[in-house]
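Undergrad: First the structure, which I've put down as structure tokens, then a few questions once you've had a look.
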Amino acid sequence: MSAPSGRVGLAPGQYYSKRWIYYSAFGEPEVRPEAWRLKIDGLVERPVVLTLDDVERMPQTRLTRDFQCVTKWSIKDVVWEGVRLVEIARLVGVKPEAQWVMFRCADGYTAPVPLEDAMSEDALIALRMNGAPIPHPQGYPARPFIPHLYGWKSAKWLSEVEFAPSYADGYWEKFGYHERGNIWEEERFKGHVGTHRLHRSTGSVPV
Ligand SMILES: Nc1nc2c(c(=O)[nH]1)N[C@H]1C(S)=C(S)[C@@H](COP(=O)(O)O)O[C@H]1N2
Ligand SMILES: [Mo]
């Protein structure tokens, strides 16, 4: 499966690192797999609330893609597995007025992405990284992953996918980070005068 742009690998202005840096702007929430739910709602014909079992039973896609944080570190060749966002969209029937997707998380973190980017063929709701369930500090049990967008759009501890008519800021966008965040266009900040601040980390581990 190819990226929509046909491009994979290290994006401009990035460097490969051996270490993930775990970010959690609101700390790490407690997540119990049996209590976890994923709401799919907003501009859809048939809103649903999915259990982890439900998501695991949907067709799974596996792909190898780099992860690229806007602060310039990238992790090479991460193996991602999960459900394609187009499958989720098909399940609920997205209305034609929908233009944006807002990801909402158990910790209160939010991240918007254009519908078009979320509907690219390699955009996933990931349940597994490198052959194992997503580790808790990295967003267990689910995080969206859209390879051509910066890592802040990969909202950890995902709890809701909302289809929306228009753009709204998420957590980082309020600090001046870009509406879309395309890695090939280096869409790091809105315009050129972002009032951005540095990410806060809770530690790092070797891959
Ligand atoms: N819930 C939540 N998701 C989040 C963040 C966060 O602070 N909270 N940080 C984002 C940022 S800026 C990046 S680069 C990645 C980092 O992923 P990692 O913690 O697995 O390294 O998570 C993204 N998703
Ligand atoms: Mo990031």
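Letters A, B, ... go to the chains of the structure tokens in the order shown; residues in each chain start at 1; ligands are counted from 1 in the same order.
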Give me, as a count of residues only, all polymer residues having an atom no more than 7 Å from Phe189 in chain A, counting only C-alpha atoms and skipping those fewer than 6 positions away in the same chain.

TA: 3

Undergrad: So which residues are near ligand 2, meaning at most 10 Å away with only C-alpha atoms and all ligand atoms counted, given back as a ChimeraX atom specification?

TA: /A:21-24,67-74,150-154,172,198-201

Undergrad: Give me the residues within 7 Å of Met58 in chain A as a ChimeraX atom specification, counting only C-alpha atoms and dropping any in the same chain fewer than 3 places off.

TA: /A:54-55,83

Undergrad: Which is closest to Pro141 in chain A among A:Cys105, A:Val79, A:Ile40, A:Leu115, if we use only C-alpha atoms?

TA: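 Answer, going by the shortest atom-to-atom distance: A:Cys105.
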
Undergrad: Apply DSSP to the structure's backbone, then extract all residues of range 8-204 of chain A labelled strand (DSSP E or B) and return them as a PyMOL selection string.

TA: chain A and resi 15-16+19-23+38-42+44+48-50+61-68+73-84+94+100-105+110-114+124-129+132-133+143-145+149+158-164+177+182+189+201-204

Undergrad: Applying 9 Å and only C-alpha atoms, which residues near range 155-169 of chain A remain after dropping the ones on its own chain fewer than 4 positions away? List them as a PyMOL selection string.

TA: chain A and resi 24+28-29+31+36-44+49+94-95+97-107+109-115+125+136-145+151+173-174+179

Undergrad: Just write the chosen residues, C-alpha atoms, as an mmCIF file, in the first residue's frame.

TA:
data_model
loop_
_atom_site.group_PDB
_atom_site.id
_atom_site.type_symbol
_atom_site.label_atom_id
_atom_site.label_comp_id
_atom_site.auth_asym_id
_atom_site.auth_seq_id
_atom_site.Cartn_x
_atom_site.Cartn_y
_atom_site.Cartn_z
ATOM 1 C CA SER A 24 1.576 13.283 27.506
ATOM 2 C CA GLU A 28 -1.067 9.279 31.426
ATOM 3 C CA PRO A 29 -4.719 8.342 31.996
ATOM 4 C CA VAL A 31 -7.268 2.817 30.835
ATOM 5 C CA TRP A 36 -12.583 1.309 27.124
ATOM 6 C CA ARG A 37 -14.957 2.524 24.398
ATOM 7 C CA LEU A 38 -14.395 4.203 21.062
ATOM 8 C CA LYS A 39 -17.190 6.563 20.030
ATOM 9 C CA ILE A 40 -17.612 7.347 16.351
ATOM 10 C CA ASP A 41 -19.950 10.273 15.993
ATOM 11 C CA GLY A 42 -20.623 13.749 14.599
ATOM 12 C CA LEU A 43 -21.723 14.035 10.968
ATOM 13 C CA VAL A 44 -22.465 10.342 10.444
ATOM 14 C CA VAL A 49 -19.773 2.992 20.339
ATOM 15 C CA VAL A 94 -19.984 9.823 6.864
ATOM 16 C CA LYS A 95 -22.271 12.643 5.728
ATOM 17 C CA GLU A 97 -20.958 17.911 4.973
ATOM 18 C CA ALA A 98 -18.080 16.411 6.970
ATOM 19 C CA GLN A 99 -14.748 18.104 6.214
ATOM 20 C CA TRP A 100 -12.692 17.486 9.351
ATOM 21 C CA VAL A 101 -12.078 14.730 11.856
ATOM 22 C CA MET A 102 -11.472 15.510 15.528
ATOM 23 C CA PHE A 103 -9.678 12.887 17.592
ATOM 24 C CA ARG A 104 -10.497 13.026 21.325
ATOM 25 C CA CYS A 105 -8.721 11.106 24.037
ATOM 26 C CA ALA A 106 -9.258 9.701 27.512
ATOM 27 C CA ASP A 107 -6.880 12.329 28.964
ATOM 28 C CA TYR A 109 -6.082 15.633 24.473
ATOM 29 C CA THR A 110 -7.542 16.530 21.069
ATOM 30 C CA ALA A 111 -6.201 16.683 17.505
ATOM 31 C CA PRO A 112 -8.008 17.732 14.294
ATOM 32 C CA VAL A 113 -7.139 16.417 10.829
ATOM 33 C CA PRO A 114 -8.723 17.162 7.455
ATOM 34 C CA LEU A 115 -11.150 14.416 6.387
ATOM 35 C CA ILE A 125 -6.590 3.527 14.007
ATOM 36 C CA HIS A 136 0.319 2.035 27.798
ATOM 37 C CA PRO A 137 2.565 5.153 27.794
ATOM 38 C CA GLN A 138 2.213 5.198 24.018
ATOM 39 C CA GLY A 139 -1.574 5.289 23.983
ATOM 40 C CA TYR A 140 -3.007 1.853 24.789
ATOM 41 C CA PRO A 141 -5.292 0.573 23.422
ATOM 42 C CA ALA A 142 -5.599 2.777 20.320
ATOM 43 C CA ARG A 143 -4.125 5.786 18.581
ATOM 44 C CA PRO A 144 -4.721 7.078 15.055
ATOM 45 C CA PHE A 145 -1.671 7.061 12.820
ATOM 46 C CA GLY A 151 3.173 12.785 15.300
ATOM 47 C CA GLU A 173 -3.103 23.874 17.419
ATOM 48 C CA LYS A 174 -4.038 26.333 20.187
ATOM 49 C CA GLU A 179 -4.119 22.839 11.148
#

Undergrad: As a ChimeraX atom specification, please: all residues of range 107-203 of chain A that backbone DSSP puts in helix (DSSP H, G or I).

TA: /A:115-118,136-138,151-153,173-175

Undergrad: Have a look at CA of Pro96 in chain A and CA of Ser120 in chain A and let me know their distance in Å, one decimal.

TA: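 Pair CA of Pro96 in chain A / CA of Ser120 in chain A returns 16.6 Å.
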
Undergrad: Name the closest residue to ligand 1 among the candidates A:Gly82, A:Gly27, A:Gly9, A:Pro33; distances are taken between atoms, counting only C-alpha atoms and all ligand atoms.

TA: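 Looking at the shortest contact to ligand 1, the residue is A:Gly27.
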
Undergrad: Which residue out of A:Ile75, A:Leu85, A:Leu10, A:Val48 has the minimum interatomic distance to ligand 1 when only C-alpha atoms and all ligand atoms are used?

TA: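 Residue with the minimum atom-to-atom distance to ligand 1: A:Ile75.
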
Undergrad: From the set A:Val86, A:Ile134, A:Leu124, A:Ala118, which residue has the shortest atom-to-atom contact distance to Arg180 in chain A, counting only C-alpha atoms?

TA: A:Ala118
